[in-house]
Every structure is written in structure tokens, then in C-alpha cells.
>>> print(open('protein.csv').read())   # CSV, C-alpha atoms
chain,number,residue,atom,x,y,z
A,25,MET,CA,12.9,208.3,39.5
A,26,ASN,CA,10.0,206.7,37.6
A,27,LEU,CA,11.1,203.3,36.5
A,28,ALA,CA,8.0,202.5,34.6
A,29,ALA,CA,8.5,205.3,32.2
A,30,ILE,CA,11.6,203.7,30.9
A,31,VAL,CA,10.3,200.2,30.7
A,32,GLN,CA,9.7,198.9,27.2
A,33,ASP,CA,9.4,195.5,25.6
A,34,GLN,CA,10.9,196.1,22.2
A,35,THR,CA,14.2,197.4,20.9
A,36,SER,CA,14.4,199.9,18.1
A,37,HIS,CA,13.9,199.0,14.5
A,38,ALA,CA,17.4,199.9,13.6
A,39,GLU,CA,18.7,197.5,16.2
A,40,ALA,CA,16.4,194.8,14.9
A,41,VAL,CA,17.6,195.2,11.3
A,42,LEU,CA,21.3,195.0,12.5
A,43,PHE,CA,20.5,192.0,14.6
A,44,TYR,CA,18.8,190.1,11.7
A,45,LEU,CA,21.6,191.0,9.4
A,46,LEU,CA,24.4,189.9,11.8
A,47,ALA,CA,22.8,186.9,13.6
A,48,PRO,CA,22.8,184.7,10.5
A,49,ILE,CA,26.4,185.7,9.8
A,50,THR,CA,27.4,184.8,13.3
A,51,VAL,CA,25.6,181.4,13.3
A,52,LEU,CA,26.9,180.6,9.8
A,53,SER,CA,30.5,181.4,10.9
A,54,ALA,CA,30.1,179.3,14.0
A,55,VAL,CA,28.7,176.4,11.9
A,56,GLY,CA,31.5,176.8,9.4
A,57,MET,CA,34.0,176.7,12.3
A,58,LEU,CA,32.9,173.2,13.0
A,59,LEU,CA,32.9,172.1,9.4
A,60,VAL,CA,36.1,173.5,7.8
A,61,LYS,CA,39.0,171.1,7.8
A,62,LYS,CA,41.9,173.4,8.4
A,63,ALA,CA,42.4,174.9,11.8
A,64,VAL,CA,43.5,178.2,10.4
A,65,HIS,CA,40.1,178.7,8.7
A,66,SER,CA,38.4,177.8,11.9
A,67,ALA,CA,40.4,180.5,13.7
A,68,LEU,CA,39.4,183.1,11.1
A,69,LEU,CA,35.7,182.1,11.3
A,70,LEU,CA,35.9,182.4,15.1
A,71,ALA,CA,37.4,185.9,14.7
A,72,ALA,CA,34.3,186.8,12.6
A,73,VAL,CA,32.1,185.4,15.4
A,74,MET,CA,34.0,187.5,17.9
A,75,ILE,CA,33.7,190.7,15.9
A,76,SER,CA,29.9,190.2,15.5
A,77,LEU,CA,29.6,189.5,19.2
A,78,ALA,CA,31.4,192.8,19.9
A,79,ILE,CA,28.8,194.6,17.7
A,80,PHE,CA,26.0,192.8,19.7
A,81,TYR,CA,27.6,194.0,22.9
A,82,ILE,CA,27.6,197.6,21.7
A,83,LEU,CA,24.0,197.2,20.5
A,84,ASN,CA,23.2,196.0,24.1
A,85,GLU,CA,24.4,199.3,25.5
A,86,ALA,CA,27.8,197.8,26.6
A,87,PRO,CA,30.3,199.8,24.6
A,88,PHE,CA,33.1,199.1,27.0
A,89,LEU,CA,32.7,195.4,26.7
A,90,GLY,CA,32.4,195.6,23.0
A,91,ILE,CA,35.7,197.4,22.7
A,92,VAL,CA,37.3,195.0,25.2
A,93,GLN,CA,35.9,192.1,23.2
A,94,ILE,CA,37.6,193.3,20.1
A,95,ILE,CA,40.9,194.1,21.8
A,96,VAL,CA,41.1,191.0,24.0
A,97,TYR,CA,39.5,188.4,21.8
A,98,THR,CA,40.1,189.3,18.2
A,99,GLY,CA,43.3,191.1,19.1
A,100,ALA,CA,45.1,189.1,21.8
A,101,VAL,CA,43.4,185.7,22.0
A,102,MET,CA,43.0,185.0,18.3
A,103,MET,CA,46.5,186.1,17.7
A,104,LEU,CA,47.7,183.7,20.3
A,105,PHE,CA,45.7,180.9,18.7
A,106,LEU,CA,47.1,181.7,15.3
A,107,PHE,CA,50.6,181.8,16.7
A,108,ILE,CA,50.3,178.4,18.3
A,109,LEU,CA,48.8,177.1,15.1
A,110,MET,CA,51.8,178.3,13.2
A,111,LEU,CA,54.0,176.7,15.9
A,112,VAL,CA,52.2,173.4,15.9
A,113,GLY,CA,51.9,173.2,12.1
A,114,VAL,CA,49.3,174.9,9.8
A,115,ASP,CA,48.8,171.8,7.8
A,116,SER,CA,47.7,169.6,10.7
A,117,ALA,CA,44.2,168.9,9.3
A,118,ASP,CA,41.8,166.8,11.3
A,119,SER,CA,41.7,163.2,10.6
A,120,LEU,CA,38.1,162.3,9.5
A,121,VAL,CA,38.4,158.7,10.8
A,122,GLU,CA,36.1,158.0,13.7
A,123,THR,CA,38.1,156.5,16.5
A,124,ILE,CA,35.0,155.9,18.7
A,125,LYS,CA,32.2,154.2,16.8
A,126,GLY,CA,29.1,156.4,16.5
A,127,GLN,CA,30.8,159.4,18.2
A,128,ARG,CA,29.9,161.9,15.5
A,129,ILE,CA,26.1,161.0,15.5
A,130,LEU,CA,26.0,160.9,19.3
A,131,GLY,CA,27.9,164.3,19.5
A,132,ILE,CA,25.5,165.9,17.1
A,133,ILE,CA,22.5,164.5,19.0
A,134,ALA,CA,23.9,165.7,22.3
A,135,ALA,CA,24.6,169.2,20.9
A,136,VAL,CA,21.2,169.6,19.3
A,137,GLY,CA,19.7,168.3,22.6
A,138,VAL,CA,21.5,170.8,24.7
A,139,GLY,CA,20.6,173.6,22.3
A,140,GLY,CA,16.9,172.6,22.1
A,141,LEU,CA,16.7,172.2,25.9
A,142,LEU,CA,18.3,175.7,26.5
A,143,ILE,CA,16.1,177.4,24.0
A,144,ALA,CA,12.9,175.7,25.3
A,145,LEU,CA,13.8,176.5,28.9
A,146,VAL,CA,14.6,180.1,28.1
A,147,SER,CA,11.4,180.6,26.1
A,148,LYS,CA,9.2,179.0,28.7
A,149,GLY,CA,10.9,180.5,31.8
A,150,ASN,CA,9.6,183.7,33.2
A,151,LEU,CA,12.7,185.8,32.7
A,152,GLY,CA,10.7,189.0,32.7
A,153,HIS,CA,10.5,189.5,28.9
A,154,ARG,CA,10.8,193.2,29.5
A,155,LEU,CA,13.5,195.6,28.5
A,156,PHE,CA,14.5,198.0,31.3
A,157,GLY,CA,17.4,199.4,29.3
A,158,LEU,CA,20.5,200.8,30.8
A,159,GLU,CA,19.7,204.5,30.4
A,160,MET,CA,19.8,205.0,34.1
A,161,ALA,CA,22.7,202.7,34.9
A,162,ASN,CA,24.7,204.2,32.0
A,163,GLY,CA,23.7,207.7,33.1
A,164,GLU,CA,27.2,208.8,33.9
A,165,GLY,CA,28.6,206.8,31.0
A,166,ASN,CA,29.1,203.1,30.7
A,167,VAL,CA,32.8,203.1,31.7
A,168,GLN,CA,32.1,205.2,34.8
A,169,GLY,CA,29.2,202.9,35.8
A,170,ILE,CA,31.4,199.7,35.4
A,171,ALA,CA,34.3,201.4,37.2
A,172,LYS,CA,32.0,202.2,40.2
A,173,LEU,CA,30.9,198.6,40.4
A,174,ILE,CA,34.3,197.0,39.8
A,175,PHE,CA,36.1,199.2,42.3
A,176,GLY,CA,33.2,199.2,44.8
A,177,GLN,CA,31.0,196.2,45.1
A,178,TYR,CA,33.1,193.8,43.1
A,179,VAL,CA,36.6,194.9,44.2
A,180,TRP,CA,37.4,191.6,46.0
A,181,PRO,CA,36.6,189.4,42.9
A,182,PHE,CA,38.5,191.9,40.8
A,183,GLU,CA,41.6,191.4,43.0
A,184,VAL,CA,41.2,187.6,43.0
A,185,ILE,CA,40.9,187.6,39.3
A,186,SER,CA,44.1,189.7,38.9
A,187,ALA,CA,45.9,187.1,41.1
A,188,LEU,CA,44.5,184.4,38.8
A,189,LEU,CA,45.8,186.2,35.8
A,190,ILE,CA,49.3,186.5,37.2
A,191,THR,CA,49.2,182.8,38.2
A,192,ALA,CA,48.1,181.8,34.7
A,193,ALA,CA,51.0,183.8,33.2
A,194,LEU,CA,53.5,182.2,35.5
A,195,GLY,CA,52.0,178.8,34.9
A,196,SER,CA,52.2,179.1,31.1
A,197,MET,CA,55.8,180.2,31.4
A,198,VAL,CA,56.6,177.2,33.5
A,199,LEU,CA,54.8,174.9,31.1
A,200,ALA,CA,56.2,176.2,27.9
A,201,HIS,CA,59.8,176.6,29.2
A,202,ARG,CA,62.4,174.1,28.0
A,203,GLU,CA,65.9,173.7,29.5
A,204,PRO,CA,68.5,174.6,26.8
A,205,ASP,CA,70.6,171.8,25.4
A,206,SER,CA,73.5,171.3,27.8
A,207,ASP,CA,76.1,170.4,25.2
A,208,LYS,CA,75.9,173.7,23.4
A,209,LYS,CA,79.2,175.5,24.0
A,210,ASP,CA,79.5,179.2,24.6
A,211,GLN,CA,82.1,181.5,23.1
A,212,ARG,CA,84.6,181.1,25.9
A,213,ALA,CA,84.5,177.3,25.7
A,214,LEU,CA,84.9,177.4,22.0
A,215,SER,CA,88.0,179.6,22.1
A,216,GLU,CA,89.6,177.6,24.9
A,217,GLU,CA,89.1,174.4,22.8
A,218,ARG,CA,90.7,176.1,19.8
A,219,VAL,CA,93.8,177.0,21.8
A,220,ARG,CA,94.1,173.5,23.2
A,221,GLN,CA,94.1,171.9,19.7
A,222,SER,CA,97.8,171.5,18.8
A,223,ALA,CA,97.1,170.8,15.1
A,224,GLN,CA,95.7,174.2,14.4
A,225,PRO,CA,97.9,177.3,14.8
A,226,VAL,CA,96.1,179.6,17.3
A,227,ALA,CA,96.9,182.8,15.4
A,228,GLY,CA,95.7,181.4,12.1
A,229,LEU,CA,97.8,180.1,9.2
A,230,PRO,CA,101.0,182.0,8.3
A,231,GLY,CA,100.9,184.2,5.2
A,232,PRO,CA,102.9,183.3,2.2
A,233,GLY,CA,106.1,185.0,1.0
A,234,THR,CA,107.5,186.3,4.2
A,235,PHE,CA,110.9,186.8,2.5
A,236,ALA,CA,109.5,188.2,-0.8
A,237,ARG,CA,111.7,189.2,-3.7
A,238,HIS,CA,109.2,188.0,-6.2
A,239,ASN,CA,105.4,187.7,-6.7
A,240,ALA,CA,105.0,186.6,-3.2
A,241,VAL,CA,101.9,184.4,-3.1
A,242,ASP,CA,103.7,181.3,-4.4
A,243,ILE,CA,106.5,181.4,-2.0
A,244,PRO,CA,106.0,179.6,1.3
A,245,ALA,CA,106.6,181.5,4.5
A,246,LEU,CA,109.7,180.7,6.5
A,247,LEU,CA,109.1,179.5,10.0
A,248,PRO,CA,111.3,180.8,12.9
A,249,ASP,CA,113.4,177.7,12.7
A,250,GLY,CA,114.2,178.4,9.0
A,251,THR,CA,112.0,175.7,7.4
A,252,SER,CA,109.3,176.6,5.0
A,253,SER,CA,105.7,176.2,5.9
A,254,ASP,CA,103.5,174.4,3.4
A,255,VAL,CA,100.2,175.7,4.9
A,256,SER,CA,101.1,179.3,4.0
A,257,VAL,CA,100.5,178.8,0.3
A,258,SER,CA,97.2,178.1,-1.3
A,259,ASP,CA,96.6,174.4,-2.3
A,260,VAL,CA,95.8,175.5,-5.9
A,261,ILE,CA,99.2,176.9,-6.4
A,262,THR,CA,100.8,173.8,-5.1
A,263,ALA,CA,98.6,171.6,-7.4
A,264,ARG,CA,99.6,173.6,-10.4
A,265,GLY,CA,103.2,173.1,-9.6
A,266,HIS,CA,103.9,176.9,-9.4
A,267,LEU,CA,105.3,176.6,-5.9
A,268,ALA,CA,108.6,178.3,-5.6
A,269,LYS,CA,111.1,177.4,-2.9
A,270,PRO,CA,112.3,180.1,-0.5
A,271,GLY,CA,115.8,178.9,-1.1
A,272,ASP,CA,115.6,180.1,-4.7
A,273,PHE,CA,115.3,183.7,-3.5
A,274,LYS,CA,117.9,183.4,-0.8
A,275,PHE,CA,119.5,186.7,0.0
A,276,LEU,CA,122.9,186.7,-1.8
A,277,GLU,CA,125.9,188.4,-0.4
A,278,THR,CA,126.4,191.5,-2.6
A,279,SER,CA,128.9,194.2,-2.4
A,280,ASP,CA,127.9,197.8,-1.8
A,281,ASP,CA,128.9,198.6,-5.4
A,282,ASP,CA,126.3,196.2,-6.8
A,283,ARG,CA,123.6,197.7,-4.7
A,284,GLU,CA,124.4,201.2,-5.8
A,285,GLY,CA,124.4,200.1,-9.4
A,286,ASN,CA,120.8,198.9,-9.0
B,18,MET,CA,12.4,193.0,18.2
B,19,ASN,CA,12.3,191.3,21.6
B,20,PRO,CA,15.6,191.3,23.3
B,21,MET,CA,15.1,187.6,24.0
B,22,ASN,CA,16.4,187.0,20.5
B,23,TYR,CA,19.9,187.7,21.8
B,24,ILE,CA,19.4,184.9,24.4
B,25,TYR,CA,18.3,182.5,21.7
B,26,LEU,CA,21.3,183.4,19.6
B,27,SER,CA,23.5,182.8,22.6
B,28,CYS,CA,21.9,179.4,23.1
B,29,ILE,CA,22.5,178.5,19.5
B,30,LEU,CA,26.2,179.6,19.7
B,31,PHE,CA,26.6,177.7,23.0
B,32,SER,CA,25.3,174.4,21.5
B,33,LEU,CA,27.4,174.9,18.4
B,34,GLY,CA,30.5,175.3,20.6
B,35,ALA,CA,29.5,172.1,22.5
B,36,ALA,CA,29.1,170.3,19.2
B,37,GLY,CA,32.6,171.4,18.2
B,38,VAL,CA,34.1,170.1,21.5
B,39,LEU,CA,32.4,166.8,20.9
B,40,LEU,CA,33.2,166.4,17.2
B,41,ARG,CA,36.5,168.0,16.4
B,42,ARG,CA,39.8,166.2,17.1
B,43,ASN,CA,42.4,168.9,16.8
B,44,ALA,CA,43.1,170.2,20.3
B,45,ILE,CA,43.4,173.8,19.1
B,46,VAL,CA,40.0,173.7,17.4
B,47,VAL,CA,38.5,172.1,20.5
B,48,PHE,CA,39.9,175.0,22.4
B,49,MET,CA,38.4,177.6,20.0
B,50,CYS,CA,35.0,175.9,20.5
B,51,ILE,CA,35.4,176.3,24.2
B,52,GLU,CA,36.0,180.0,23.6
B,53,LEU,CA,32.9,180.1,21.5
B,54,MET,CA,30.9,178.7,24.4
B,55,LEU,CA,32.3,181.2,26.8
B,56,ASN,CA,31.5,184.0,24.4
B,57,ALA,CA,27.9,182.8,24.0
B,58,ALA,CA,27.5,182.9,27.8
B,59,ASN,CA,28.9,186.4,27.8
B,60,LEU,CA,26.3,187.5,25.3
B,61,ALA,CA,23.6,186.1,27.5
B,62,PHE,CA,25.1,188.0,30.5
B,63,VAL,CA,25.2,191.3,28.6
B,64,THR,CA,21.7,190.9,27.3
B,65,PHE,CA,20.3,190.1,30.8
B,66,SER,CA,22.2,193.0,32.1
B,67,ARG,CA,20.3,195.3,29.7
B,68,MET,CA,17.0,193.6,30.3
B,69,ASN,CA,17.3,194.1,34.1
B,70,GLY,CA,18.6,197.6,33.9
B,71,THR,CA,21.7,197.0,36.0
B,72,LEU,CA,25.4,196.7,35.0
B,73,ASP,CA,26.2,193.6,37.1
B,74,GLY,CA,25.8,191.3,34.1
B,75,GLN,CA,28.4,193.3,32.3
B,76,ILE,CA,30.8,193.0,35.2
B,77,VAL,CA,30.4,189.2,35.2
B,78,ALA,CA,30.9,189.1,31.5
B,79,PHE,CA,34.1,191.2,32.0
B,80,PHE,CA,35.4,188.7,34.6
B,81,THR,CA,34.5,185.8,32.3
B,82,MET,CA,36.7,187.4,29.6
B,83,VAL,CA,39.6,187.6,32.0
B,84,VAL,CA,39.1,184.0,33.1
B,85,ALA,CA,38.9,182.9,29.4
B,86,ALA,CA,42.1,184.7,28.7
B,87,CYS,CA,43.8,182.8,31.6
B,88,GLU,CA,42.4,179.6,30.3
B,89,VAL,CA,43.6,180.2,26.8
B,90,VAL,CA,47.1,181.0,28.0
B,91,VAL,CA,47.5,177.9,30.2
B,92,GLY,CA,45.6,175.6,27.7
B,93,LEU,CA,47.8,176.6,24.8
B,94,ALA,CA,50.9,176.2,26.9
B,95,ILE,CA,49.7,172.6,27.6
B,96,ILE,CA,49.0,172.0,23.9
B,97,VAL,CA,52.5,173.2,23.0
B,98,THR,CA,54.1,170.9,25.7
B,99,ILE,CA,52.1,167.9,24.5
B,100,TYR,CA,53.0,168.7,20.9
B,101,ARG,CA,56.7,168.8,21.7
B,102,SER,CA,56.7,165.4,23.2
B,103,ARG,CA,54.2,163.7,20.8
B,104,ARG,CA,54.6,165.8,17.5
B,105,SER,CA,50.8,165.8,17.3
B,106,ALA,CA,48.0,168.2,18.4
B,107,SER,CA,45.2,165.6,18.0
B,108,VAL,CA,43.3,164.8,21.2
B,109,ASP,CA,43.2,161.1,20.1
B,110,ASP,CA,47.0,160.8,20.5
B,111,ALA,CA,47.1,162.2,24.0
B,112,ARG,CA,45.5,159.3,25.8
B,113,LEU,CA,48.2,159.0,28.5
B,114,LEU,CA,49.7,161.8,30.5
B,115,ARG,CA,53.1,160.1,30.3
B,116,LEU,CA,55.0,159.5,27.1
>>> encode(input="protein.csv", output="C-alpha cells")
Amino acid sequence: MNLAAIVQDQTSHAEAVLFYLLAPITVLSAVGMLLVKKAVHSALLLAAVMISLAIFYILNEAPFLGIVQIIVYTGAVMMLFLFILMLVGVDSADSLVETIKGQRILGIIAAVGVGGLLIALVSKGNLGHRLFGLEMANGEGNVQGIAKLIFGQYVWPFEVISALLITAALGSMVLAHREPDSDKKDQRALSEERVRQSAQPVAGLPGPGTFARHNAVDIPALLPDGTSSDVSVSDVITARGHLAKPGDFKFLETSDDDREGN
Amino acid sequence: MNPMNYIYLSCILFSLGAAGVLLRRNAIVVFMCIELMLNAANLAFVTFSRMNGTLDGQIVAFFTMVVAACEVVVGLAIIVTIYRSRRSASVDDARLLRL
């Protein structure tokens, strides 16, 4: 293999055009993320940054990482962020009052300093400003190349990181779990309580007009001991004074002739 | 275009994320800025991987993504727990670990 044949310093023009289109959008979205007041807008701008980073990955001959970036970050992580935002309260805007005096100025200075230092170092340092490209490494396909490395050379870090993922899942479950309120009754306790209450009939209120010889809703039911039950008739009928007494419709002794005559 | 431009972009995004961590008060926004910093580092990894002609940088970026996912899960659980006890997601209010 002749490595020198592949070596080049410049990317293609098409890639340059895409970069110069996308890079300002990315930086502006990131700046906007810092400046907007509402957390939801921040999250949406961060999603824009993530998507443009995914495009940058694909430009950098890492299609697998680009797709993973979209699925994991813009799909899972940002959705998690939005979910928690909805849980915590969408309206929770930042207070703009400085609690520490001069914190904002110092923060901006520190961030600009870090950025300037990084860029100066990177531009001065001899990082081999050459572009080997991944044509050889991606020869069998990007996913195959990554799989060979992950399940070969990097299999131990891969296993450790899977343990970390499981631990994180368990930890978040432990952290977010809350014991249910102990005084909440289940169905069994509720029904037992209902039976024990003597004031309420277990089988519900008796229906009106048990001995009906008449429009029966206004006649109270007769209890087994012969007395009439007031709760069997609607309160409205009682209030209107339409309540009839069961005694008025007492079964009268009649002869067989009378009944045949009816 | 020189591929170093990707590295410069990555530096800018990283410092913007750092600025967000220093300036914002809402714990969730601070968290999103940390994600931005992690992603900026990932972009540098992927670019260096291409410049050096090996896939190792992409592997490290992949591992970083997994670690970032773990971090988000645990961090958001902590934020939710703090929010439950304090009714606030502001980092100013959480000065003590106890109530």
C-alpha cells in the first residue's frame, strides 16, 4: 500500500461549501442557546447544533457516528431533556439577577480565554496539518471497520462501558424513585371499611315501593320488621309532600268474588 | 478547505459550552451546555480520526457518546430529585445537599 498516494491537505470543494454553510448556523445556534431566556428554546437550539454536528460527522467519513448522533442525541437525549423540562416546568425562566457580583463578566472572560487559548494552541501546534483520509480504514465499510476495533482491540473498554450504562440506569431509577404514600387505601381496605360502617347499608339503599299498588316511586319500602324506610324514596318527592304511606295501600281482605269481578 | 477548520469549530463550540455552564442558572440549561462541550470534543475526535487515517478516534467518540448518555440519565434524575424537594431547578437554590 502506498500511503503517500492518498495523502492530501485539502478537502473537496463541495465539503468546503457545506462546512461554510453549516458552521455559522452551528455557532449561531450555540450562541443563541446561551442567550435565550426559556429553557425549551435552548433545548431546540441544542437539537439544531446536534443535527449539524451529525452532518459534520458524515462529512468526516464517519457515517455510523453521524447516524448514532442523530438517534442518540437528537432522538433520545434531547427527548429526555424536553421531558424533564415539562416535568420541572416549562415556564421556569432564568432569573437575570446576578447572585455573585461580576460573575457574568468573569464568566465571559473565562470562556473567551479558554476558546482563544484552545484555538491558539491548535493552530500553533504541529498536529500534522495533513489529511490522510479514511479510504483505507473504511475500505470494508465504516461500520465493519468500527466493529473490528470495538470487538477486537477495544473490547474491554466496551464491556466496561456497558457496565457503566447499566449502573447509570439503575442509579437513575433509585434516584427518581419515590415511595408511594402509605395512607392510600387499596380496593380491599375500602370495601372492608364500607362493611364496617353501620350507618350505611352494605347492599345499597332499599328501592321504593316494595309493596306497589300504585305509581311506586313515592311509596317507601317496607323493611323486614314492617316499618317503612325513608331512605328508599328520593328526597325531592319527600320535599314536595308527595310521599305516600305504605299503610294507605295495605292489602285489604277481599273475597274471591270481588277479585273475579276485577 | 483545511480540515483544521473542524477543530477550530470544535474549540468555539467548546468555549461556548463552557460559557453556558458559567453563566446560566437553570440546572437543565447548564446540563445542555455540558452536552455541547462533550459534542465539541467528539467533533475534534472524529476530525483527528480522519486526519490520521485511523478509526480509533471514532471509537473514542462513540464511547464518549455512551458516557454522555449515562451522565444525562443520572444528572437529570438528580435534577428531578432536587426539584421535588425544593420546587426549583435553579442552581442558586441548591446550595446545600440537605433540605
>>> residues_near_point(input="protein.csv", point="(36.4, 182.3, 30.3)", cutoff="12 Å", atoms="only C-alpha atoms", output="NGL selection string")
(:A and (96-97 or 101 or 185 or 188-189)) or (:B and (48-59 or 77-92))
>>> write_last_selection(input="protein.csv", atoms="C-alpha atoms", output="mmCIF file, in the coordinates of the input")
data_model
loop_
_atom_site.group_PDB
_atom_site.id
_atom_site.type_symbol
_atom_site.label_atom_id
_atom_site.label_comp_id
_atom_site.auth_asym_id
_atom_site.auth_seq_id
_atom_site.Cartn_x
_atom_site.Cartn_y
_atom_site.Cartn_z
ATOM 1 C CA VAL A 96 41.100 191.000 24.000
ATOM 2 C CA TYR A 97 39.500 188.400 21.800
ATOM 3 C CA VAL A 101 43.400 185.700 22.000
ATOM 4 C CA ILE A 185 40.900 187.600 39.300
ATOM 5 C CA LEU A 188 44.500 184.400 38.800
ATOM 6 C CA LEU A 189 45.800 186.200 35.800
ATOM 7 C CA PHE B 48 39.900 175.000 22.400
ATOM 8 C CA MET B 49 38.400 177.600 20.000
ATOM 9 C CA CYS B 50 35.000 175.900 20.500
ATOM 10 C CA ILE B 51 35.400 176.300 24.200
ATOM 11 C CA GLU B 52 36.000 180.000 23.600
ATOM 12 C CA LEU B 53 32.900 180.100 21.500
ATOM 13 C CA MET B 54 30.900 178.700 24.400
ATOM 14 C CA LEU B 55 32.300 181.200 26.800
ATOM 15 C CA ASN B 56 31.500 184.000 24.400
ATOM 16 C CA ALA B 57 27.900 182.800 24.000
ATOM 17 C CA ALA B 58 27.500 182.900 27.800
ATOM 18 C CA ASN B 59 28.900 186.400 27.800
ATOM 19 C CA VAL B 77 30.400 189.200 35.200
ATOM 20 C CA ALA B 78 30.900 189.100 31.500
ATOM 21 C CA PHE B 79 34.100 191.200 32.000
ATOM 22 C CA PHE B 80 35.400 188.700 34.600
ATOM 23 C CA THR B 81 34.500 185.800 32.300
ATOM 24 C CA MET B 82 36.700 187.400 29.600
ATOM 25 C CA VAL B 83 39.600 187.600 32.000
ATOM 26 C CA VAL B 84 39.100 184.000 33.100
ATOM 27 C CA ALA B 85 38.900 182.900 29.400
ATOM 28 C CA ALA B 86 42.100 184.700 28.700
ATOM 29 C CA CYS B 87 43.800 182.800 31.600
ATOM 30 C CA GLU B 88 42.400 179.600 30.300
ATOM 31 C CA VAL B 89 43.600 180.200 26.800
ATOM 32 C CA VAL B 90 47.100 181.000 28.000
ATOM 33 C CA VAL B 91 47.500 177.900 30.200
ATOM 34 C CA GLY B 92 45.600 175.600 27.700
#
>>> residues_near_point(input="protein.csv", point="(23.9, 176.1, 18.3)", cutoff="12 Å", atoms="all atoms listed in the file", output="CSV table (one decimal) with C-alpha atoms, in the coordinates of the input")
chain,number,residue,atom,x,y,z
A,47,ALA,CA,22.8,186.9,13.6
A,48,PRO,CA,22.8,184.7,10.5
A,50,THR,CA,27.4,184.8,13.3
A,51,VAL,CA,25.6,181.4,13.3
A,52,LEU,CA,26.9,180.6,9.8
A,53,SER,CA,30.5,181.4,10.9
A,54,ALA,CA,30.1,179.3,14.0
A,55,VAL,CA,28.7,176.4,11.9
A,56,GLY,CA,31.5,176.8,9.4
A,57,MET,CA,34.0,176.7,12.3
A,58,LEU,CA,32.9,173.2,13.0
A,132,ILE,CA,25.5,165.9,17.1
A,133,ILE,CA,22.5,164.5,19.0
A,134,ALA,CA,23.9,165.7,22.3
A,135,ALA,CA,24.6,169.2,20.9
A,136,VAL,CA,21.2,169.6,19.3
A,137,GLY,CA,19.7,168.3,22.6
A,138,VAL,CA,21.5,170.8,24.7
A,139,GLY,CA,20.6,173.6,22.3
A,140,GLY,CA,16.9,172.6,22.1
A,141,LEU,CA,16.7,172.2,25.9
A,142,LEU,CA,18.3,175.7,26.5
A,143,ILE,CA,16.1,177.4,24.0
B,24,ILE,CA,19.4,184.9,24.4
B,25,TYR,CA,18.3,182.5,21.7
B,26,LEU,CA,21.3,183.4,19.6
B,27,SER,CA,23.5,182.8,22.6
B,28,CYS,CA,21.9,179.4,23.1
B,29,ILE,CA,22.5,178.5,19.5
B,30,LEU,CA,26.2,179.6,19.7
B,31,PHE,CA,26.6,177.7,23.0
B,32,SER,CA,25.3,174.4,21.5
B,33,LEU,CA,27.4,174.9,18.4
B,34,GLY,CA,30.5,175.3,20.6
B,35,ALA,CA,29.5,172.1,22.5
B,36,ALA,CA,29.1,170.3,19.2
B,37,GLY,CA,32.6,171.4,18.2
B,50,CYS,CA,35.0,175.9,20.5
B,53,LEU,CA,32.9,180.1,21.5
B,54,MET,CA,30.9,178.7,24.4
B,57,ALA,CA,27.9,182.8,24.0
>>> atom_distance(input="protein.csv", atom1="CA of Arg212 (chain A)", atom2="CA of Ser256 (chain A)")
27.5 Å
>>> closest_residue(input="protein.csv", among="B:Met18, B:Leu39, B:Ala94, B:Ala44", to="Val108 (chain B)", atoms="all atoms listed in the file")
B:Ala44
>>> closest_residue(input="protein.csv", among="A:Val241, A:Ile75, A:Leu89, A:Ala227", to="Thr262 (chain A)", atoms="all atoms listed in the file")
A:Val241
>>> decode(input="protein.csv", residues="region 121-157 of chain A", atoms="C-alpha atoms", output="mmCIF file, in the first residue's frame")
data_model
loop_
_atom_site.group_PDB
_atom_site.id
_atom_site.type_symbol
_atom_site.label_atom_id
_atom_site.label_comp_id
_atom_site.auth_asym_id
_atom_site.auth_seq_id
_atom_site.Cartn_x
_atom_site.Cartn_y
_atom_site.Cartn_z
ATOM 1 C CA VAL A 121 -30.268 38.836 38.751
ATOM 2 C CA GLU A 122 -26.598 38.275 39.432
ATOM 3 C CA THR A 123 -26.176 36.487 42.727
ATOM 4 C CA ILE A 124 -22.398 36.682 42.647
ATOM 5 C CA LYS A 125 -21.098 40.137 41.817
ATOM 6 C CA GLY A 126 -19.284 40.314 38.481
ATOM 7 C CA GLN A 127 -19.958 36.663 37.722
ATOM 8 C CA ARG A 128 -21.231 37.327 34.224
ATOM 9 C CA ILE A 129 -18.228 39.404 33.149
ATOM 10 C CA LEU A 130 -15.782 36.955 34.695
ATOM 11 C CA GLY A 131 -17.580 34.033 33.072
ATOM 12 C CA ILE A 132 -17.448 35.625 29.629
ATOM 13 C CA ILE A 133 -13.764 36.472 30.085
ATOM 14 C CA ALA A 134 -13.001 32.921 31.195
ATOM 15 C CA ALA A 135 -14.883 31.373 28.291
ATOM 16 C CA VAL A 136 -13.281 33.663 25.713
ATOM 17 C CA GLY A 137 -9.916 32.924 27.307
ATOM 18 C CA VAL A 138 -10.445 29.172 27.084
ATOM 19 C CA GLY A 139 -11.581 29.448 23.474
ATOM 20 C CA GLY A 140 -8.702 31.719 22.480
ATOM 21 C CA LEU A 141 -6.181 29.517 24.222
ATOM 22 C CA LEU A 142 -7.522 26.371 22.559
ATOM 23 C CA ILE A 143 -7.576 27.905 19.096
ATOM 24 C CA ALA A 144 -4.104 29.412 19.516
ATOM 25 C CA LEU A 145 -2.687 26.116 20.739
ATOM 26 C CA VAL A 146 -4.333 24.108 17.994
ATOM 27 C CA SER A 147 -3.174 26.465 15.260
ATOM 28 C CA LYS A 148 0.407 26.659 16.580
ATOM 29 C CA GLY A 149 0.816 23.024 17.464
ATOM 30 C CA ASN A 150 2.214 20.599 14.930
ATOM 31 C CA LEU A 151 -0.777 18.328 14.569
ATOM 32 C CA GLY A 152 0.255 17.271 11.116
ATOM 33 C CA HIS A 153 -1.989 19.551 9.108
ATOM 34 C CA ARG A 154 -2.427 16.783 6.603
ATOM 35 C CA LEU A 155 -5.403 14.780 5.608
ATOM 36 C CA PHE A 156 -4.846 11.061 5.321
ATOM 37 C CA GLY A 157 -8.494 10.333 4.861
#
